[in-house]
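K.L.:
run35.pdb is the file, holding PDB, C-alpha atoms:
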```
ATOM      1  CA  MET A 488       0.000   0.000   0.000  1.00  0.00           C
ATOM      2  CA  SER A 489       1.294   3.413  -0.870  1.00  0.00           C
ATOM      3  CA  THR A 490       1.755   6.077   1.761  1.00  0.00           C
ATOM      4  CA  ALA A 491      -0.751   8.288  -0.046  1.00  0.00           C
ATOM      5  CA  ALA A 492      -3.432   5.587  -0.049  1.00  0.00           C
ATOM      6  CA  ILE A 493      -2.944   4.912   3.646  1.00  0.00           C
ATOM      7  CA  ALA A 494      -3.129   8.625   4.421  1.00  0.00           C
ATOM      8  CA  VAL A 495      -6.409   8.981   2.531  1.00  0.00           C
ATOM      9  CA  ALA A 496      -7.898   5.933   4.262  1.00  0.00           C
ATOM     10  CA  ARG A 497      -6.852   7.254   7.669  1.00  0.00           C
ATOM     11  CA  GLN A 498      -8.466  10.582   6.896  1.00  0.00           C
ATOM     12  CA  VAL A 499     -11.702   8.936   5.793  1.00  0.00           C
ATOM     13  CA  ILE A 500     -12.171   6.649   8.805  1.00  0.00           C
ATOM     14  CA  GLY A 501     -10.876   9.370  11.106  1.00  0.00           C
ATOM     15  CA  SER A 502     -13.710  11.644   9.992  1.00  0.00           C
ATOM     16  CA  MET A 503     -16.355   9.029  10.770  1.00  0.00           C
ATOM     17  CA  ASP A 504     -18.458   9.452  13.903  1.00  0.00           C
ATOM     18  CA  GLN A 505     -19.113   5.727  13.907  1.00  0.00           C
ATOM     19  CA  ALA A 506     -16.550   3.414  15.489  1.00  0.00           C
ATOM     20  CA  ALA A 507     -14.498   1.875  12.681  1.00  0.00           C
ATOM     21  CA  TRP A 508     -11.283   0.038  11.963  1.00  0.00           C
ATOM     22  CA  VAL A 509      -9.622  -1.632   8.995  1.00  0.00           C
ATOM     23  CA  ILE A 510      -8.336  -5.219   9.035  1.00  0.00           C
ATOM     24  CA  ASP A 511      -6.223  -7.165   6.572  1.00  0.00           C
ATOM     25  CA  PRO A 512      -7.152 -10.672   5.304  1.00  0.00           C
ATOM     26  CA  THR A 513      -5.683 -12.255   8.454  1.00  0.00           C
ATOM     27  CA  GLY A 514      -7.787 -10.070  10.768  1.00  0.00           C
ATOM     28  CA  ARG A 515      -4.851  -7.860  11.777  1.00  0.00           C
ATOM     29  CA  ILE A 516      -5.809  -4.247  12.562  1.00  0.00           C
ATOM     30  CA  VAL A 517      -4.286  -1.850  10.029  1.00  0.00           C
ATOM     31  CA  MET A 518      -5.865   1.378  11.287  1.00  0.00           C
ATOM     32  CA  ILE A 519      -8.581   2.433  13.736  1.00  0.00           C
ATOM     33  CA  ASN A 520     -10.422   5.679  14.424  1.00  0.00           C
ATOM     34  CA  ARG A 521     -10.814   7.612  17.659  1.00  0.00           C
ATOM     35  CA  SER A 522     -14.470   6.637  18.019  1.00  0.00           C
ATOM     36  CA  ALA A 523     -13.579   2.944  18.078  1.00  0.00           C
ATOM     37  CA  LEU A 524     -10.725   3.504  20.523  1.00  0.00           C
ATOM     38  CA  SER A 525     -13.060   5.389  22.859  1.00  0.00           C
ATOM     39  CA  VAL A 526     -15.877   2.831  22.617  1.00  0.00           C
ATOM     40  CA  LEU A 527     -13.517  -0.078  23.247  1.00  0.00           C
ATOM     41  CA  GLY A 528     -11.576   1.611  26.046  1.00  0.00           C
ATOM     42  CA  TYR A 529      -8.194   2.240  24.421  1.00  0.00           C
ATOM     43  CA  ARG A 530      -6.123   5.421  24.485  1.00  0.00           C
ATOM     44  CA  THR A 531      -4.157   5.388  21.224  1.00  0.00           C
ATOM     45  CA  ASP A 532      -4.023   3.311  18.062  1.00  0.00           C
ATOM     46  CA  ASP A 533      -0.586   2.087  19.168  1.00  0.00           C
ATOM     47  CA  ASP A 534      -2.453  -0.089  21.691  1.00  0.00           C
ATOM     48  CA  VAL A 535      -4.147  -2.168  18.995  1.00  0.00           C
ATOM     49  CA  VAL A 536      -2.745  -1.549  15.499  1.00  0.00           C
ATOM     50  CA  GLY A 537      -0.924  -4.675  14.400  1.00  0.00           C
ATOM     51  CA  CYS A 538      -2.986  -6.890  16.728  1.00  0.00           C
ATOM     52  CA  CYS A 539      -5.622  -9.379  15.644  1.00  0.00           C
ATOM     53  CA  SER A 540      -8.997  -7.663  16.038  1.00  0.00           C
ATOM     54  CA  HIS A 541     -10.555 -10.839  17.425  1.00  0.00           C
ATOM     55  CA  ALA A 542      -7.838 -11.231  20.059  1.00  0.00           C
ATOM     56  CA  ALA A 543      -8.199  -7.564  21.016  1.00  0.00           C
ATOM     57  CA  PHE A 544     -11.988  -7.056  21.115  1.00  0.00           C
ATOM     58  CA  HIS A 545     -13.756 -10.368  20.674  1.00  0.00           C
ATOM     59  CA  HIS A 546     -11.807 -12.999  22.571  1.00  0.00           C
ATOM     60  CA  HIS A 547     -14.496 -14.213  25.001  1.00  0.00           C
ATOM     61  CA  HIS A 548     -18.210 -14.815  25.069  1.00  0.00           C
ATOM     62  CA  ILE A 549     -20.071 -12.932  27.773  1.00  0.00           C
ATOM     63  CA  ASP A 550     -20.303 -16.052  29.932  1.00  0.00           C
ATOM     64  CA  GLY A 551     -16.503 -16.075  30.131  1.00  0.00           C
ATOM     65  CA  GLU A 552     -15.963 -18.910  27.654  1.00  0.00           C
ATOM     66  CA  PRO A 553     -13.214 -18.368  25.053  1.00  0.00           C
ATOM     67  CA  TYR A 554     -14.512 -17.246  21.659  1.00  0.00           C
ATOM     68  CA  GLU A 555     -12.622 -19.339  19.118  1.00  0.00           C
ATOM     69  CA  PRO A 556     -11.331 -17.348  16.116  1.00  0.00           C
ATOM     70  CA  SER A 557     -12.671 -20.069  13.813  1.00  0.00           C
ATOM     71  CA  SER A 558     -16.199 -19.113  14.933  1.00  0.00           C
ATOM     72  CA  CYS A 559     -15.772 -15.340  14.620  1.00  0.00           C
ATOM     73  CA  PRO A 560     -18.111 -13.917  11.948  1.00  0.00           C
ATOM     74  CA  ILE A 561     -15.998 -10.779  11.598  1.00  0.00           C
ATOM     75  CA  LEU A 562     -12.922 -12.819  10.700  1.00  0.00           C
ATOM     76  CA  HIS A 563     -15.083 -14.846   8.315  1.00  0.00           C
ATOM     77  CA  ALA A 564     -16.068 -11.594   6.624  1.00  0.00           C
ATOM     78  CA  THR A 565     -12.470 -11.092   5.491  1.00  0.00           C
ATOM     79  CA  ARG A 566     -12.720 -14.322   3.522  1.00  0.00           C
ATOM     80  CA  ARG A 567     -16.403 -14.411   2.501  1.00  0.00           C
ATOM     81  CA  PRO A 568     -17.575 -10.794   2.356  1.00  0.00           C
ATOM     82  CA  LEU A 569     -20.695 -11.522   0.328  1.00  0.00           C
ATOM     83  CA  ARG A 570     -21.964 -14.044   2.861  1.00  0.00           C
ATOM     84  CA  TYR A 571     -20.965 -12.324   6.089  1.00  0.00           C
ATOM     85  CA  ARG A 572     -21.896  -8.652   5.935  1.00  0.00           C
ATOM     86  CA  GLY A 573     -22.814  -7.932   9.515  1.00  0.00           C
ATOM     87  CA  GLY A 574     -24.859  -8.819  12.545  1.00  0.00           C
ATOM     88  CA  THR A 575     -24.980  -8.370  16.302  1.00  0.00           C
ATOM     89  CA  GLU A 576     -22.243  -9.414  18.695  1.00  0.00           C
ATOM     90  CA  TRP A 577     -20.767  -8.687  22.107  1.00  0.00           C
ATOM     91  CA  MET A 578     -17.442  -6.868  22.090  1.00  0.00           C
ATOM     92  CA  ILE A 579     -15.140  -6.982  25.097  1.00  0.00           C
ATOM     93  CA  ARG A 580     -13.711  -3.626  26.112  1.00  0.00           C
ATOM     94  CA  ARG A 581     -10.174  -3.251  27.433  1.00  0.00           C
ATOM     95  CA  THR A 582     -11.568  -3.238  30.992  1.00  0.00           C
ATOM     96  CA  GLY A 583     -13.241  -6.607  30.392  1.00  0.00           C
ATOM     97  CA  THR A 584     -16.765  -5.190  30.227  1.00  0.00           C
ATOM     98  CA  ALA A 585     -19.105  -6.586  27.583  1.00  0.00           C
ATOM     99  CA  LEU A 586     -20.592  -4.263  24.988  1.00  0.00           C
ATOM    100  CA  PRO A 587     -23.612  -5.213  22.789  1.00  0.00           C
ATOM    101  CA  VAL A 588     -23.087  -3.938  19.235  1.00  0.00           C
ATOM    102  CA  SER A 589     -24.268  -4.264  15.699  1.00  0.00           C
ATOM    103  CA  TRP A 590     -21.430  -4.547  13.204  1.00  0.00           C
ATOM    104  CA  SER A 591     -20.978  -4.414   9.475  1.00  0.00           C
ATOM    105  CA  ALA A 592     -18.075  -5.204   7.194  1.00  0.00           C
ATOM    106  CA  SER A 593     -17.361  -3.961   3.686  1.00  0.00           C
ATOM    107  CA  GLU A 594     -14.496  -4.431   1.282  1.00  0.00           C
ATOM    108  CA  LEU A 595     -11.905  -1.695   1.072  1.00  0.00           C
ATOM    109  CA  GLN A 596      -9.423  -1.633  -1.789  1.00  0.00           C
ATOM    110  CA  LEU A 597      -6.162   0.223  -1.150  1.00  0.00           C
ATOM    111  CA  ASP A 598      -3.921  -0.056  -4.198  1.00  0.00           C
ATOM    112  CA  ALA A 599      -3.537  -3.812  -4.686  1.00  0.00           C
ATOM    113  CA  ALA A 600      -4.440  -4.666  -1.107  1.00  0.00           C
ATOM    114  CA  LYS A 601      -7.905  -5.999  -0.324  1.00  0.00           C
ATOM    115  CA  LEU A 602      -8.849  -4.957   3.189  1.00  0.00           C
ATOM    116  CA  MET A 603     -12.033  -4.907   5.239  1.00  0.00           C
ATOM    117  CA  LEU A 604     -13.662  -1.903   6.899  1.00  0.00           C
ATOM    118  CA  VAL A 605     -15.464  -2.895  10.109  1.00  0.00           C
ATOM    119  CA  THR A 606     -17.928  -0.489  11.727  1.00  0.00           C
ATOM    120  CA  LEU A 607     -19.749  -0.724  15.056  1.00  0.00           C
ATOM    121  CA  THR A 608     -22.921   0.743  16.475  1.00  0.00           C
ATOM    122  CA  VAL A 609     -23.314   0.391  20.239  1.00  0.00           C
ATOM    123  CA  LEU A 610     -26.697  -0.969  21.303  1.00  0.00           C
ATOM    124  CA  ASP A 611     -28.542  -0.565  24.574  1.00  0.00           C
ATOM    125  CA  ARG A 612     -29.103  -4.303  24.452  1.00  0.00           C
ATOM    126  CA  LEU A 613     -29.487  -7.070  21.885  1.00  0.00           C
ATOM    127  CA  ASP A 614     -33.067  -7.517  20.673  1.00  0.00           C
ATOM    128  CA  ASP A 615     -32.982 -11.258  21.305  1.00  0.00           C
ATOM    129  CA  GLU A 616     -31.046 -10.945  24.543  1.00  0.00           C
ATOM    130  CA  PRO A 617     -32.615 -13.076  27.287  1.00  0.00           C
ATOM    131  CA  PHE A 618     -32.443 -12.068  30.927  1.00  0.00           C
ATOM    132  CA  ALA A 619     -29.894 -14.804  31.704  1.00  0.00           C
ATOM    133  CA  VAL A 620     -27.540 -13.407  29.083  1.00  0.00           C
ATOM    134  CA  ARG A 621     -27.744  -9.937  30.606  1.00  0.00           C
ATOM    135  CA  GLU A 622     -26.938 -11.454  33.979  1.00  0.00           C
ATOM    136  CA  ARG A 623     -23.888 -13.240  32.547  1.00  0.00           C
ATOM    137  CA  ALA A 624     -22.708  -9.988  30.996  1.00  0.00           C
ATOM    138  CA  SER A 625     -22.962  -8.247  34.341  1.00  0.00           C
ATOM    139  CA  ALA A 626     -21.126 -11.133  36.014  1.00  0.00           C
ATOM    140  CA  LEU A 627     -18.309 -10.856  33.481  1.00  0.00           C
ATOM    141  CA  GLU A 628     -18.005  -7.133  34.173  1.00  0.00           C
ATOM    142  CA  ARG A 629     -17.860  -7.733  37.923  1.00  0.00           C
ATOM    143  CA  ARG A 630     -15.228 -10.428  37.458  1.00  0.00           C
ATOM    144  CA  ALA A 631     -13.135  -8.009  35.394  1.00  0.00           C
ATOM    145  CA  LEU A 632     -13.535  -5.403  38.148  1.00  0.00           C
ATOM    146  CA  TYR A 633     -12.430  -7.941  40.758  1.00  0.00           C
ATOM    147  CA  GLU A 634      -9.320  -8.903  38.770  1.00  0.00           C
ATOM    148  CA  LYS A 635      -8.411  -5.275  38.138  1.00  0.00           C
ATOM    149  CA  ALA A 636      -8.816  -4.474  41.841  1.00  0.00           C
ATOM    150  CA  CYS A 637      -6.619  -7.455  42.776  1.00  0.00           C
ATOM    151  CA  ASP A 638      -3.888  -6.164  40.459  1.00  0.00           C
ATOM    152  CA  LEU A 639      -4.143  -2.751  42.100  1.00  0.00           C
ATOM    153  CA  ILE A 640      -3.982  -4.271  45.590  1.00  0.00           C
ATOM    154  CA  ALA A 641      -0.878  -6.296  44.701  1.00  0.00           C
ATOM    155  CA  VAL A 642       0.917  -3.130  43.590  1.00  0.00           C
ATOM    156  CA  GLN A 643      -0.236  -0.862  46.421  1.00  0.00           C
ATOM    157  CA  ALA A 644      -0.336  -3.295  49.367  1.00  0.00           C
ATOM    158  CA  GLY A 645       2.535  -1.490  51.076  1.00  0.00           C
ATOM    159  CA  ASP A 646       0.569   1.760  51.270  1.00  0.00           C
ATOM    160  CA  PRO A 647      -0.931   2.059  54.784  1.00  0.00           C
ATOM    161  CA  ASP A 648      -3.700   4.280  53.391  1.00  0.00           C
ATOM    162  CA  LEU A 649      -4.918   1.618  50.966  1.00  0.00           C
ATOM    163  CA  ALA A 650      -8.495   0.719  51.905  1.00  0.00           C
ATOM    164  CA  PRO A 651     -11.589  -0.592  50.094  1.00  0.00           C
ATOM    165  CA  ASN A 652     -13.023   2.894  49.573  1.00  0.00           C
ATOM    166  CA  ALA A 653      -9.702   4.070  48.094  1.00  0.00           C
ATOM    167  CA  ILE A 654      -9.746   1.168  45.630  1.00  0.00           C
ATOM    168  CA  ALA A 655     -13.339   1.944  44.645  1.00  0.00           C
ATOM    169  CA  HIS A 656     -12.379   5.586  44.087  1.00  0.00           C
ATOM    170  CA  GLN A 657      -9.427   4.657  41.872  1.00  0.00           C
ATOM    171  CA  LEU A 658     -11.569   2.301  39.794  1.00  0.00           C
ATOM    172  CA  HIS A 659     -14.452   4.814  39.550  1.00  0.00           C
ATOM    173  CA  VAL A 660     -17.059   2.491  41.069  1.00  0.00           C
ATOM    174  CA  SER A 661     -19.110   2.559  44.241  1.00  0.00           C
ATOM    175  CA  LEU A 662     -17.821   0.750  47.316  1.00  0.00           C
ATOM    176  CA  ARG A 663     -20.924  -1.444  47.279  1.00  0.00           C
ATOM    177  CA  HIS A 664     -20.311  -2.474  43.666  1.00  0.00           C
ATOM    178  CA  LEU A 665     -16.689  -3.312  44.498  1.00  0.00           C
ATOM    179  CA  GLN A 666     -17.768  -5.376  47.502  1.00  0.00           C
ATOM    180  CA  THR A 667     -20.282  -7.260  45.339  1.00  0.00           C
ATOM    181  CA  ALA A 668     -17.564  -8.143  42.833  1.00  0.00           C
ATOM    182  CA  PHE A 669     -15.340  -9.484  45.621  1.00  0.00           C
ATOM    183  CA  ALA A 670     -18.218 -11.339  47.285  1.00  0.00           C
ATOM    184  CA  GLU A 671     -18.873 -13.229  44.043  1.00  0.00           C
ATOM    185  CA  ALA A 672     -15.226 -14.313  44.148  1.00  0.00           C
ATOM    186  CA  GLY A 673     -15.685 -15.552  47.723  1.00  0.00           C
ATOM    187  CA  THR A 674     -13.779 -12.815  49.513  1.00  0.00           C
ATOM    188  CA  SER A 675     -13.860  -9.107  50.352  1.00  0.00           C
ATOM    189  CA  PRO A 676     -11.684  -6.085  49.480  1.00  0.00           C
ATOM    190  CA  ALA A 677     -10.512  -5.739  53.101  1.00  0.00           C
ATOM    191  CA  ARG A 678      -9.530  -9.408  53.348  1.00  0.00           C
ATOM    192  CA  SER A 679      -7.711  -9.258  50.013  1.00  0.00           C
ATOM    193  CA  ILE A 680      -5.755  -6.212  51.165  1.00  0.00           C
ATOM    194  CA  ARG A 681      -4.809  -7.953  54.398  1.00  0.00           C
ATOM    195  CA  ILE A 682      -3.651 -11.121  52.616  1.00  0.00           C
ATOM    196  CA  ALA A 683      -1.666  -9.088  50.096  1.00  0.00           C
ATOM    197  CA  ARG A 684       0.072  -7.233  52.930  1.00  0.00           C
ATOM    198  CA  LEU A 685       0.823 -10.465  54.779  1.00  0.00           C
ATOM    199  CA  THR A 686       2.195 -12.078  51.634  1.00  0.00           C
ATOM    200  CA  ARG A 687       4.339  -9.023  51.024  1.00  0.00           C
ATOM    201  CA  ALA A 688       5.539  -9.140  54.643  1.00  0.00           C
ATOM    202  CA  ALA A 689       6.513 -12.818  54.395  1.00  0.00           C
ATOM    203  CA  ASN A 690       8.462 -12.164  51.196  1.00  0.00           C
ATOM    204  CA  LEU A 691      10.279  -9.246  52.824  1.00  0.00           C
ATOM    205  CA  LEU A 692      11.145 -11.340  55.880  1.00  0.00           C
ATOM    206  CA  GLU A 693      12.509 -14.061  53.633  1.00  0.00           C
ATOM    207  CA  SER A 694      14.617 -11.450  51.845  1.00  0.00           C
ATOM    208  CA  GLY A 695      16.377 -10.695  55.148  1.00  0.00           C
ATOM    209  CA  LEU A 696      14.646  -7.534  56.367  1.00  0.00           C
ATOM    210  CA  THR A 697      14.017  -7.091  60.067  1.00  0.00           C
ATOM    211  CA  VAL A 698      10.510  -7.251  61.473  1.00  0.00           C
ATOM    212  CA  THR A 699      10.545  -3.488  62.047  1.00  0.00           C
ATOM    213  CA  GLU A 700      11.554  -2.858  58.439  1.00  0.00           C
ATOM    214  CA  VAL A 701       8.888  -5.219  57.209  1.00  0.00           C
ATOM    215  CA  ILE A 702       6.157  -3.459  59.197  1.00  0.00           C
ATOM    216  CA  ASP A 703       7.204  -0.136  57.661  1.00  0.00           C
ATOM    217  CA  GLN A 704       7.014  -1.559  54.138  1.00  0.00           C
ATOM    218  CA  SER A 705       3.980  -3.819  54.264  1.00  0.00           C
ATOM    219  CA  GLY A 706       1.251  -1.305  55.043  1.00  0.00           C
ATOM    220  CA  PHE A 707       0.322  -2.294  58.606  1.00  0.00           C
ATOM    221  CA  ALA A 708      -0.705   0.473  60.990  1.00  0.00           C
ATOM    222  CA  ASP A 709       1.144  -0.806  64.056  1.00  0.00           C
ATOM    223  CA  PRO A 710       3.388  -3.699  65.193  1.00  0.00           C
ATOM    224  CA  SER A 711       0.802  -5.448  67.369  1.00  0.00           C
ATOM    225  CA  THR A 712      -1.771  -5.576  64.558  1.00  0.00           C
ATOM    226  CA  PHE A 713       0.878  -6.933  62.213  1.00  0.00           C
ATOM    227  CA  ARG A 714       2.084  -9.642  64.605  1.00  0.00           C
ATOM    228  CA  ARG A 715      -1.445 -10.850  65.408  1.00  0.00           C
ATOM    229  CA  ALA A 716      -2.465 -10.949  61.761  1.00  0.00           C
ATOM    230  CA  PHE A 717       0.774 -12.665  60.707  1.00  0.00           C
ATOM    231  CA  ARG A 718       0.483 -15.397  63.344  1.00  0.00           C
ATOM    232  CA  ARG A 719      -3.194 -15.978  62.601  1.00  0.00           C
ATOM    233  CA  HIS A 720      -2.533 -16.301  58.863  1.00  0.00           C
ATOM    234  CA  PHE A 721       0.733 -18.250  58.805  1.00  0.00           C
ATOM    235  CA  GLY A 722       0.518 -20.073  62.148  1.00  0.00           C
ATOM    236  CA  THR A 723       3.881 -18.726  63.275  1.00  0.00           C
ATOM    237  CA  PRO A 724       5.161 -15.349  64.527  1.00  0.00           C
ATOM    238  CA  PRO A 725       7.128 -13.189  62.085  1.00  0.00           C
ATOM    239  CA  THR A 726      10.244 -13.424  64.273  1.00  0.00           C
ATOM    240  CA  ALA A 727      10.226 -17.207  63.869  1.00  0.00           C
ATOM    241  CA  LEU A 728      10.021 -16.990  60.092  1.00  0.00           C
ATOM    242  CA  ARG A 729      12.870 -14.498  59.975  1.00  0.00           C
ATOM    243  CA  ALA A 730      14.983 -16.577  62.360  1.00  0.00           C
ATOM    244  CA  THR A 731      14.490 -19.638  60.159  1.00  0.00           C
ATOM    245  CA  THR A 732      15.465 -17.631  57.085  1.00  0.00           C
ATOM    246  CA  VAL A 733      18.593 -16.202  58.729  1.00  0.00           C
ATOM    247  CA  LEU A 734      19.567 -19.598  60.087  1.00  0.00           C
ATOM    248  CA  GLY A 735      19.181 -21.122  56.658  1.00  0.00           C
ATOM    249  CA  ARG A 736      21.493 -18.523  55.182  1.00  0.00           C
ATOM    250  CA  THR A 737      24.164 -18.943  57.821  1.00  0.00           C
ATOM    251  CA  ALA A 738      24.130 -22.730  57.916  1.00  0.00           C
ATOM    252  CA  PRO A 739      27.274 -24.296  56.417  1.00  0.00           C
TER
END
```
Render the structure in this file as structure tokens.

P.N.:
Amino acid sequence: MSTAAIAVARQVIGSMDQAAWVIDPTGRIVMINRSALSVLGYRTDDDVVGCCSHAAFHHHHIDGEPYEPSSCPILHATRRPLRYRGGTEWMIRRTGTALPVSWSASELQLDAAKLMLVTLTVLDRLDDEPFAVRERASALERRALYEKACDLIAVQAGDPDLAPNAIAHQLHVSLRHLQTAFAEAGTSPARSIRIARLTRAANLLESGLTVTEVIDQSGFADPSTFRRAFRRHFGTPPTALRATTVLGRTAP
């Protein structure tokens, strides 16, 4: 494809209000407009250009089951455009939330290259969407929220100010919604924070830090709270774990 042809194509899809991207015959994203990036939760085209569109936006069904590329109608459209022109699907945003859409695909010729222009229209719901499907979509969104919160907790466990309401604020959700997501995973935000801090503390003790240093770096408010929580969780006081670690290092 010539530089001029690519520039014209970028200008055309960039001017579209509708979410749109261009894929090559393998399903690889060649270009994408700002509307599509916004709808699907991405910041720049560098996040997705060069990736398979199915792997980026369409990788799971809303019940959490993997969506096999061989079953993807959008990928089929690159090979059989007259048979597969569009339909309704669920797209998965970068956050893991499910998005009901109608899509269409049309051939796009750039010089000698035969590409496919894919456009999306976001729907309030799918017309044939049963209640159980809506529930599964919500469950998938809550699971994605839970996993994102767990990642945040793992990174920020050493911050003594980290608390469930702070996590909810960072993820732009209500505390109740966050607690629901954790409850469905069989735990709570507070318990997950505590376990993350204790795990961090054990790793620091095994690295050779003193108990005082570990308390300072693992997010606990005071030594007595730390020692009680550590013993309850691991069945041994932190001093015993550190002594075992030091002894193991000094043994001949």

K.L.:
In Å to one decimal, how far is CA of Leu610 in chain A from CA of Ile510 in chain A?

P.N.:
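That distance, rounded to one decimal, is 22.5 Å.
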
K.L.:
Expanded to explicit residues, what is the PyMOL selection byres ((chain A and resi 514-529) around 9) for this file, as JSON, numbers by chain?

P.N.:
{"A": [493, 496, 497, 500, 501, 502, 503, 504, 505, 506, 507, 508, 509, 510, 511, 512, 513, 530, 531, 532, 534, 535, 536, 537, 538, 539, 540, 541, 544, 561, 562, 565, 578, 579, 580, 581, 582, 586, 602, 603, 606, 607, 609]}

K.L.:
Expressed in Å to a single decimal, how great is the separation between CA of Pro560 in chain A and CA of Gly573 in chain A?

P.N.:
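Taking CA of Pro560 in chain A and CA of Gly573 in chain A, their separation equals 8.0 Å.
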
K.L.:
Identify all residues satisfying the PyMOL selection byres ((chain A and resi 714-718) around 12) in the given file; provide them as a PyMOL selection string.

P.N.:
chain A and resi 678+681-689+692+698-699+701-702+705+707-713+719-728

K.L.:
Please, could you write that set of residues out with C-alpha atoms as a PDB file, keeping the file's coordinate frame?

P.N.:
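Output contents, as saved in again-v2.pdb:
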```pdb
ATOM      1  CA  ARG A 678      -9.530  -9.408  53.348  1.00  0.00           C
ATOM      2  CA  ARG A 681      -4.809  -7.953  54.398  1.00  0.00           C
ATOM      3  CA  ILE A 682      -3.651 -11.121  52.616  1.00  0.00           C
ATOM      4  CA  ALA A 683      -1.666  -9.088  50.096  1.00  0.00           C
ATOM      5  CA  ARG A 684       0.072  -7.233  52.930  1.00  0.00           C
ATOM      6  CA  LEU A 685       0.823 -10.465  54.779  1.00  0.00           C
ATOM      7  CA  THR A 686       2.195 -12.078  51.634  1.00  0.00           C
ATOM      8  CA  ARG A 687       4.339  -9.023  51.024  1.00  0.00           C
ATOM      9  CA  ALA A 688       5.539  -9.140  54.643  1.00  0.00           C
ATOM     10  CA  ALA A 689       6.513 -12.818  54.395  1.00  0.00           C
ATOM     11  CA  LEU A 692      11.145 -11.340  55.880  1.00  0.00           C
ATOM     12  CA  VAL A 698      10.510  -7.251  61.473  1.00  0.00           C
ATOM     13  CA  THR A 699      10.545  -3.488  62.047  1.00  0.00           C
ATOM     14  CA  VAL A 701       8.888  -5.219  57.209  1.00  0.00           C
ATOM     15  CA  ILE A 702       6.157  -3.459  59.197  1.00  0.00           C
ATOM     16  CA  SER A 705       3.980  -3.819  54.264  1.00  0.00           C
ATOM     17  CA  PHE A 707       0.322  -2.294  58.606  1.00  0.00           C
ATOM     18  CA  ALA A 708      -0.705   0.473  60.990  1.00  0.00           C
ATOM     19  CA  ASP A 709       1.144  -0.806  64.056  1.00  0.00           C
ATOM     20  CA  PRO A 710       3.388  -3.699  65.193  1.00  0.00           C
ATOM     21  CA  SER A 711       0.802  -5.448  67.369  1.00  0.00           C
ATOM     22  CA  THR A 712      -1.771  -5.576  64.558  1.00  0.00           C
ATOM     23  CA  PHE A 713       0.878  -6.933  62.213  1.00  0.00           C
ATOM     24  CA  ARG A 719      -3.194 -15.978  62.601  1.00  0.00           C
ATOM     25  CA  HIS A 720      -2.533 -16.301  58.863  1.00  0.00           C
ATOM     26  CA  PHE A 721       0.733 -18.250  58.805  1.00  0.00           C
ATOM     27  CA  GLY A 722       0.518 -20.073  62.148  1.00  0.00           C
ATOM     28  CA  THR A 723       3.881 -18.726  63.275  1.00  0.00           C
ATOM     29  CA  PRO A 724       5.161 -15.349  64.527  1.00  0.00           C
ATOM     30  CA  PRO A 725       7.128 -13.189  62.085  1.00  0.00           C
ATOM     31  CA  THR A 726      10.244 -13.424  64.273  1.00  0.00           C
ATOM     32  CA  ALA A 727      10.226 -17.207  63.869  1.00  0.00           C
ATOM     33  CA  LEU A 728      10.021 -16.990  60.092  1.00  0.00           C
TER      34      LEU A 728
END
```

K.L.:
One decimal, in Å: what's the spacing between CA of Val605 in chain A and CA of Gly574 in chain A?

P.N.:
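Distance between the two atoms: 11.4 Å.
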
K.L.:
Excluding same-chain residues fewer than 5 positions from Asp638 in chain A, what lies within 12 Å of it counting all atoms listed in the file, as a list of chain:residue names?

P.N.:
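Once the nearby chain positions are removed, what remains is A:Ala631, A:Leu632, A:Tyr633, A:Gln643, A:Ala644, A:Ile654, A:Leu658, A:Pro676, A:Ser679, A:Ile680, A:Ala683.
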
K.L.:
Can you rebuild range 708-718 of chain A with N, CA and C atoms and give it as a short mmCIF file (atom, residue, chain, number, x, y, z; two decimals), in the coordinates of the input?

P.N.:
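Output file result-v4.cif is given in full below:
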```
data_model
loop_
_atom_site.label_atom_id
_atom_site.label_comp_id
_atom_site.auth_asym_id
_atom_site.auth_seq_id
_atom_site.Cartn_x
_atom_site.Cartn_y
_atom_site.Cartn_z
N ALA A 708 -0.64 -0.77 60.22
CA ALA A 708 -0.70 0.47 60.99
C ALA A 708 0.19 0.44 62.21
N ASP A 709 0.34 -0.73 62.84
CA ASP A 709 1.14 -0.81 64.06
C ASP A 709 1.68 -2.22 64.23
N PRO A 710 2.75 -2.39 65.03
CA PRO A 710 3.39 -3.70 65.19
C PRO A 710 2.48 -4.77 65.77
N SER A 711 1.64 -4.42 66.74
CA SER A 711 0.80 -5.45 67.37
C SER A 711 -0.22 -6.01 66.38
N THR A 712 -0.81 -5.11 65.58
CA THR A 712 -1.77 -5.58 64.56
C THR A 712 -1.08 -6.50 63.57
N PHE A 713 0.12 -6.11 63.16
CA PHE A 713 0.88 -6.93 62.21
C PHE A 713 1.18 -8.32 62.79
N ARG A 714 1.68 -8.35 64.01
CA ARG A 714 2.08 -9.64 64.60
C ARG A 714 0.88 -10.57 64.79
N ARG A 715 -0.24 -10.02 65.22
CA ARG A 715 -1.44 -10.85 65.41
C ARG A 715 -1.92 -11.40 64.06
N ALA A 716 -1.98 -10.52 63.08
CA ALA A 716 -2.46 -10.95 61.76
C ALA A 716 -1.52 -11.97 61.14
N PHE A 717 -0.22 -11.76 61.29
CA PHE A 717 0.77 -12.66 60.71
C PHE A 717 0.65 -14.05 61.33
N ARG A 718 0.55 -14.10 62.65
CA ARG A 718 0.48 -15.40 63.34
C ARG A 718 -0.82 -16.11 63.00
#
```
